[in-house]
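final.pdb, holding PDB, C-alpha atoms, pLDDT in the B column:
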ATOM      1  CA  MET A   1      46.312  38.927 104.209  1.00 54.00           C
ATOM      2  CA  ILE A   2      44.485  35.836 103.214  1.00 64.00           C
ATOM      3  CA  GLY A   3      42.049  36.183 100.369  1.00 62.00           C
ATOM      4  CA  GLN A   4      43.300  39.567  99.167  1.00 66.00           C
ATOM      5  CA  PRO A   5      45.317  39.869  95.940  1.00 64.00           C
ATOM      6  CA  HIS A   6      48.971  40.805  96.327  1.00 59.00           C
ATOM      7  CA  ASP A   7      50.162  44.079  94.822  1.00 59.00           C
ATOM      8  CA  PHE A   8      53.141  43.079  92.659  1.00 57.00           C
ATOM      9  CA  THR A   9      53.828  46.662  91.598  1.00 60.00           C
ATOM     10  CA  GLN A  10      55.266  47.397  94.999  1.00 58.00           C
ATOM     11  CA  SER A  11      59.060  47.176  94.934  1.00 54.00           C
ATOM     12  CA  TYR A  12      61.115  46.073  97.896  1.00 58.00           C
ATOM     13  CA  ILE A  13      64.424  46.990  96.255  1.00 60.00           C
ATOM     14  CA  THR A  14      65.478  50.586  96.506  1.00 60.00           C
ATOM     15  CA  PRO A  15      67.139  51.860  93.338  1.00 55.00           C
ATOM     16  CA  VAL A  16      70.670  53.239  93.548  1.00 53.00           C
ATOM     17  CA  ALA A  17      71.187  56.653  92.040  1.00 54.00           C
ATOM     18  CA  CYS A  18      74.087  57.125  89.645  1.00 52.00           C
ATOM     19  CA  GLU A  19      75.512  59.771  91.945  1.00 57.00           C
ATOM     20  CA  ASP A  20      75.951  57.138  94.679  1.00 54.00           C
ATOM     21  CA  ILE A  21      78.293  54.989  92.586  1.00 58.00           C
ATOM     22  CA  PRO A  22      81.912  56.166  92.853  1.00 62.00           C
ATOM     23  CA  PRO A  23      83.628  56.831  89.514  1.00 64.00           C
ATOM     24  CA  VAL A  24      86.032  54.137  88.382  1.00 71.00           C
ATOM     25  CA  ALA A  25      88.623  54.047  85.645  1.00 76.00           C
ATOM     26  CA  LYS A  26      88.172  51.784  82.636  1.00 86.00           C
ATOM     27  CA  PRO A  27      90.199  48.603  83.194  1.00 89.00           C
ATOM     28  CA  ILE A  28      91.848  48.650  79.760  1.00 90.00           C
ATOM     29  CA  ARG A  29      93.125  52.173  80.379  1.00 90.00           C
ATOM     30  CA  VAL A  30      94.576  51.133  83.744  1.00 92.00           C
ATOM     31  CA  ILE A  31      96.441  48.275  82.043  1.00 93.00           C
ATOM     32  CA  GLN A  32      97.640  50.668  79.331  1.00 94.00           C
ATOM     33  CA  PHE A  33      98.909  53.052  81.989  1.00 95.00           C
ATOM     34  CA  LEU A  34     100.801  50.292  83.811  1.00 95.00           C
ATOM     35  CA  LEU A  35     102.385  48.928  80.636  1.00 95.00           C
ATOM     36  CA  VAL A  36     103.414  52.359  79.354  1.00 96.00           C
ATOM     37  CA  ALA A  37     104.901  53.157  82.774  1.00 96.00           C
ATOM     38  CA  ALA A  38     106.827  49.875  82.726  1.00 96.00           C
ATOM     39  CA  ILE A  39     108.176  50.393  79.215  1.00 96.00           C
ATOM     40  CA  PHE A  40     109.084  53.996  80.052  1.00 96.00           C
ATOM     41  CA  ALA A  41     111.067  52.828  83.091  1.00 96.00           C
ATOM     42  CA  LEU A  42     112.758  50.081  81.061  1.00 94.00           C
ATOM     43  CA  THR A  43     113.695  52.528  78.306  1.00 93.00           C
ATOM     44  CA  VAL A  44     115.153  55.034  80.766  1.00 93.00           C
ATOM     45  CA  TYR A  45     117.124  52.196  82.387  1.00 93.00           C
ATOM     46  CA  THR A  46     118.361  51.006  78.992  1.00 91.00           C
ATOM     47  CA  ILE A  47     119.401  54.505  77.945  1.00 91.00           C
ATOM     48  CA  SER A  48     121.178  55.202  81.239  1.00 90.00           C
ATOM     49  CA  SER A  49     123.439  52.140  81.112  1.00 84.00           C
ATOM     50  CA  SER A  50     125.320  51.174  77.929  1.00 82.00           C
ATOM     51  CA  SER A  51     122.670  52.384  75.518  1.00 87.00           C
ATOM     52  CA  PRO A  52     122.413  50.541  72.194  1.00 90.00           C
ATOM     53  CA  TYR A  53     120.309  53.403  70.799  1.00 91.00           C
ATOM     54  CA  GLU A  54     121.525  56.376  68.804  1.00 91.00           C
ATOM     55  CA  LYS A  55     120.709  59.832  70.219  1.00 93.00           C
ATOM     56  CA  ILE A  56     117.731  60.409  67.906  1.00 94.00           C
ATOM     57  CA  GLU A  57     116.282  56.999  68.802  1.00 93.00           C
ATOM     58  CA  GLU A  58     116.656  57.768  72.496  1.00 93.00           C
ATOM     59  CA  LEU A  59     114.872  61.077  72.016  1.00 95.00           C
ATOM     60  CA  LEU A  60     112.044  59.587  69.944  1.00 95.00           C
ATOM     61  CA  LEU A  61     111.401  56.633  72.251  1.00 95.00           C
ATOM     62  CA  THR A  62     111.531  58.750  75.390  1.00 95.00           C
ATOM     63  CA  SER A  63     109.190  61.367  73.934  1.00 96.00           C
ATOM     64  CA  LEU A  64     106.753  58.675  72.711  1.00 96.00           C
ATOM     65  CA  TYR A  65     106.538  56.939  76.065  1.00 96.00           C
ATOM     66  CA  THR A  66     106.449  60.207  78.028  1.00 96.00           C
ATOM     67  CA  THR A  67     103.627  61.586  75.882  1.00 96.00           C
ATOM     68  CA  PHE A  68     101.455  58.510  76.173  1.00 96.00           C
ATOM     69  CA  LEU A  69     102.216  58.181  79.878  1.00 96.00           C
ATOM     70  CA  PHE A  70     101.068  61.792  80.338  1.00 96.00           C
ATOM     71  CA  ILE A  71      97.897  61.136  78.316  1.00 94.00           C
ATOM     72  CA  ALA A  72      97.183  58.012  80.377  1.00 94.00           C
ATOM     73  CA  VAL A  73      97.613  59.930  83.650  1.00 94.00           C
ATOM     74  CA  ILE A  74      95.294  62.720  82.478  1.00 94.00           C
ATOM     75  CA  ASP A  75      92.738  60.135  81.341  1.00 92.00           C
ATOM     76  CA  MET A  76      92.858  58.300  84.673  1.00 91.00           C
ATOM     77  CA  ILE A  77      92.460  61.531  86.632  1.00 92.00           C
ATOM     78  CA  SER A  78      89.538  62.644  84.490  1.00 92.00           C
ATOM     79  CA  GLN A  79      87.814  59.256  84.816  1.00 88.00           C
ATOM     80  CA  LEU A  80      88.224  59.189  88.585  1.00 88.00           C
ATOM     81  CA  SER A  81      86.910  62.737  88.846  1.00 88.00           C
ATOM     82  CA  GLY A  82      83.671  61.628  87.177  1.00 83.00           C
ATOM     83  CA  GLU A  83      84.088  63.551  83.929  1.00 86.00           C
ATOM     84  CA  PRO A  84      86.044  61.334  81.517  1.00 85.00           C
ATOM     85  CA  ILE A  85      87.568  62.550  78.287  1.00 87.00           C
ATOM     86  CA  THR A  86      85.080  62.061  75.446  1.00 89.00           C
ATOM     87  CA  ASP A  87      85.401  59.139  73.062  1.00 88.00           C
ATOM     88  CA  THR A  88      86.543  61.085  69.989  1.00 90.00           C
ATOM     89  CA  PRO A  89      89.949  62.215  71.314  1.00 93.00           C
ATOM     90  CA  MET A  90      90.525  58.875  73.017  1.00 92.00           C
ATOM     91  CA  PHE A  91      89.694  57.107  69.732  1.00 94.00           C
ATOM     92  CA  LEU A  92      92.292  59.247  67.955  1.00 95.00           C
ATOM     93  CA  PHE A  93      94.869  58.689  70.718  1.00 95.00           C
ATOM     94  CA  GLY A  94      94.184  54.959  70.412  1.00 95.00           C
ATOM     95  CA  VAL A  95      94.733  54.931  66.645  1.00 97.00           C
ATOM     96  CA  VAL A  96      97.937  56.952  66.965  1.00 97.00           C
ATOM     97  CA  GLY A  97      99.076  54.801  69.901  1.00 96.00           C
ATOM     98  CA  THR A  98      98.503  51.614  67.931  1.00 97.00           C
ATOM     99  CA  VAL A  99     100.613  52.833  65.024  1.00 97.00           C
ATOM    100  CA  LEU A 100     103.401  54.458  67.060  1.00 97.00           C
ATOM    101  CA  PHE A 101     103.864  51.597  69.528  1.00 97.00           C
ATOM    102  CA  LEU A 102     104.001  49.121  66.659  1.00 97.00           C
ATOM    103  CA  MET A 103     106.566  51.308  64.889  1.00 97.00           C
ATOM    104  CA  ALA A 104     108.568  51.504  68.128  1.00 96.00           C
ATOM    105  CA  ALA A 105     108.533  47.702  68.439  1.00 96.00           C
ATOM    106  CA  PHE A 106     109.865  47.333  64.886  1.00 96.00           C
ATOM    107  CA  GLY A 107     112.458  50.049  65.471  1.00 95.00           C
ATOM    108  CA  ILE A 108     113.724  48.372  68.625  1.00 94.00           C
ATOM    109  CA  PHE A 109     113.830  45.060  66.745  1.00 94.00           C
ATOM    110  CA  PHE A 110     116.193  46.578  64.181  1.00 93.00           C
ATOM    111  CA  VAL A 111     118.383  47.909  67.012  1.00 92.00           C
ATOM    112  CA  THR A 112     118.864  44.325  68.275  1.00 89.00           C
ATOM    113  CA  ASN A 113     120.492  43.399  64.950  1.00 88.00           C
ATOM    114  CA  ARG A 114     123.324  45.917  65.333  1.00 87.00           C
ATOM    115  CA  ALA A 115     126.836  44.729  65.997  1.00 81.00           C
ATOM    116  CA  GLY A 116     128.081  45.019  69.558  1.00 84.00           C
ATOM    117  CA  VAL A 117     124.650  45.137  71.214  1.00 85.00           C
ATOM    118  CA  THR A 118     124.740  43.484  74.621  1.00 83.00           C
ATOM    119  CA  GLN A 119     121.976  42.575  77.048  1.00 83.00           C
ATOM    120  CA  ILE A 120     119.410  41.727  74.418  1.00 90.00           C
ATOM    121  CA  TRP A 121     116.858  40.873  77.137  1.00 91.00           C
ATOM    122  CA  ARG A 122     116.128  44.579  77.719  1.00 91.00           C
ATOM    123  CA  LEU A 123     115.453  45.156  74.048  1.00 93.00           C
ATOM    124  CA  MET A 124     113.350  42.000  73.684  1.00 94.00           C
ATOM    125  CA  THR A 125     111.300  43.011  76.721  1.00 95.00           C
ATOM    126  CA  SER A 126     110.815  46.454  75.185  1.00 94.00           C
ATOM    127  CA  ILE A 127     109.666  44.846  71.933  1.00 95.00           C
ATOM    128  CA  ALA A 128     107.187  42.640  73.786  1.00 96.00           C
ATOM    129  CA  LEU A 129     105.828  45.501  75.887  1.00 95.00           C
ATOM    130  CA  SER A 130     105.522  47.804  72.869  1.00 96.00           C
ATOM    131  CA  SER A 131     103.677  45.103  70.939  1.00 96.00           C
ATOM    132  CA  VAL A 132     101.285  44.464  73.824  1.00 96.00           C
ATOM    133  CA  CYS A 133     100.707  48.217  74.201  1.00 96.00           C
ATOM    134  CA  SER A 134      99.944  48.422  70.497  1.00 97.00           C
ATOM    135  CA  LEU A 135      97.413  45.600  70.811  1.00 96.00           C
ATOM    136  CA  LEU A 136      95.815  47.213  73.856  1.00 95.00           C
ATOM    137  CA  TYR A 137      95.416  50.518  72.036  1.00 96.00           C
ATOM    138  CA  LEU A 138      93.914  48.623  69.096  1.00 96.00           C
ATOM    139  CA  LEU A 139      91.502  46.880  71.458  1.00 95.00           C
ATOM    140  CA  ASP A 140      90.597  50.241  72.978  1.00 94.00           C
ATOM    141  CA  VAL A 141      89.900  51.643  69.487  1.00 95.00           C
ATOM    142  CA  LEU A 142      87.709  48.652  68.636  1.00 94.00           C
ATOM    143  CA  LEU A 143      85.778  48.910  71.915  1.00 91.00           C
ATOM    144  CA  ILE A 144      85.147  52.625  71.340  1.00 91.00           C
ATOM    145  CA  TYR A 145      84.147  52.023  67.728  1.00 91.00           C
ATOM    146  CA  LEU A 146      81.851  49.063  68.366  1.00 90.00           C
ATOM    147  CA  TYR A 147      80.362  49.775  71.770  1.00 86.00           C
ATOM    148  CA  GLY A 148      81.120  53.397  72.592  1.00 80.00           C
ATOM    149  CA  TYR A 149      83.178  52.066  75.517  1.00 69.00           C
TER     150      TYR A 149
END
Exercise: express the given structure as structure tokens:
Amino acid sequence: MIGQPHDFTQSYITPVACEDIPPVAKPIRVIQFLLVAAIFALTVYTISSSSPYEKIEELLLTSLYTTFLFIAVIDMISQLSGEPITDTPMFLFGVVGTVLFLMAAFGIFFVTNRAGVTQIWRLMTSIALSSVCSLLYLLDVLLIYLYGY
């Protein structure tokens, strides 16, 4: 209408309720899941064919990757269900994951120096994946600590 003041308090955009947005998983946790799954598969493949590891190393690596793969699956399911695991346990899992994956990378590095080890590419790939997993868990810890991610 000409000559009448416009009411700017009127909104033409309808707000979206939080219940309307589908739950999504945190991208860093998805990447962690994929990398842990890849390193688990590579470790099982390495152990199954001409393993350079001793029995205790096989057991420790398999249990490490299986445990963190299980934690990642539970975390993804809980995030997609809309009720994610709280930050405190995920912070602790991140700290432990950072340390253990870095220790695994160093342990695998020392396995490559043994005499008679063939197909070094599998071990070097495991070292790279373990190092990247360690960095991702460290990034996750920092994001939780700084931003409550």
If you count all atoms listed in the file, the residue of A:Val36, A:Val96, A:Val132, A:Leu138 closest to A:Phe70 turns out to be A:Val36
Neighbour list for A:Tyr53 as a CSV table (one decimal) with C-alpha atoms, keeping the file's coordinate frame, cut-off 7 Å, all atoms listed in the file, skip fewer than 3 positions in-chain:
chain,number,residue,atom,x,y,z
A,57,GLU,CA,116.3,57.0,68.8
A,58,GLU,CA,116.7,57.8,72.5
A,111,VAL,CA,118.4,47.9,67.0
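Using only C-alpha atoms for every distance, the candidate list A:Ile120, A:Leu60, A:Ala41, A:Met76 yields A:Leu60 as the residue closest to A:Ala104.
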Residue list as a ChimeraX atom specification for point (96.0, 46.1, 74.8), cut-off 12 Å, only C-alpha atoms: /A:27-36,94,97-98,101-102,128-143
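Proximity ranking of A:Ala72, A:Ala37, A:Ile47, A:Val117 relative to A:Pro84 places A:Ala72 first, based on only C-alpha atoms.
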Selected by the PyMOL selection byres ((chain A and resi 62) around 10) in the shown coordinates: which residues, as an NGL selection string? :A and (39-41 or 43-44 or 47 or 56-61 or 63-67)
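Each of A:Thr88, A:Gln119, A:Ser126, A:Thr46 was compared to A:Tyr145 using only C-alpha atoms, and A:Thr88 turns out to be the nearest.
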Atomic separation - atom CA of A:Leu123 relative to atom CA of A:Ser49, Å: 12.7 Å
With distances taken over only C-alpha atoms, the candidate from A:Met124, A:Ile144, A:Leu69, A:Leu80 nearest A:Val95 is A:Ile144
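The space between atom CA of A:Thr112 and atom CA of A:Ala38 spans 19.6 Å.
The space between atom CA of A:Leu146 and atom CA of A:Met90 spans 13.9 Å.
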Give the centre and edge lengths of an axis-aligned box, in Å to one decimal, that holds all listed atoms of stretch 34-41 of chain A with 4 Å on each side, as AutoDock Vina command-line options.
--center_x 105.9 --center_y 51.5 --center_z 81.5 --size_x 18.3 --size_y 13.1 --size_z 12.6
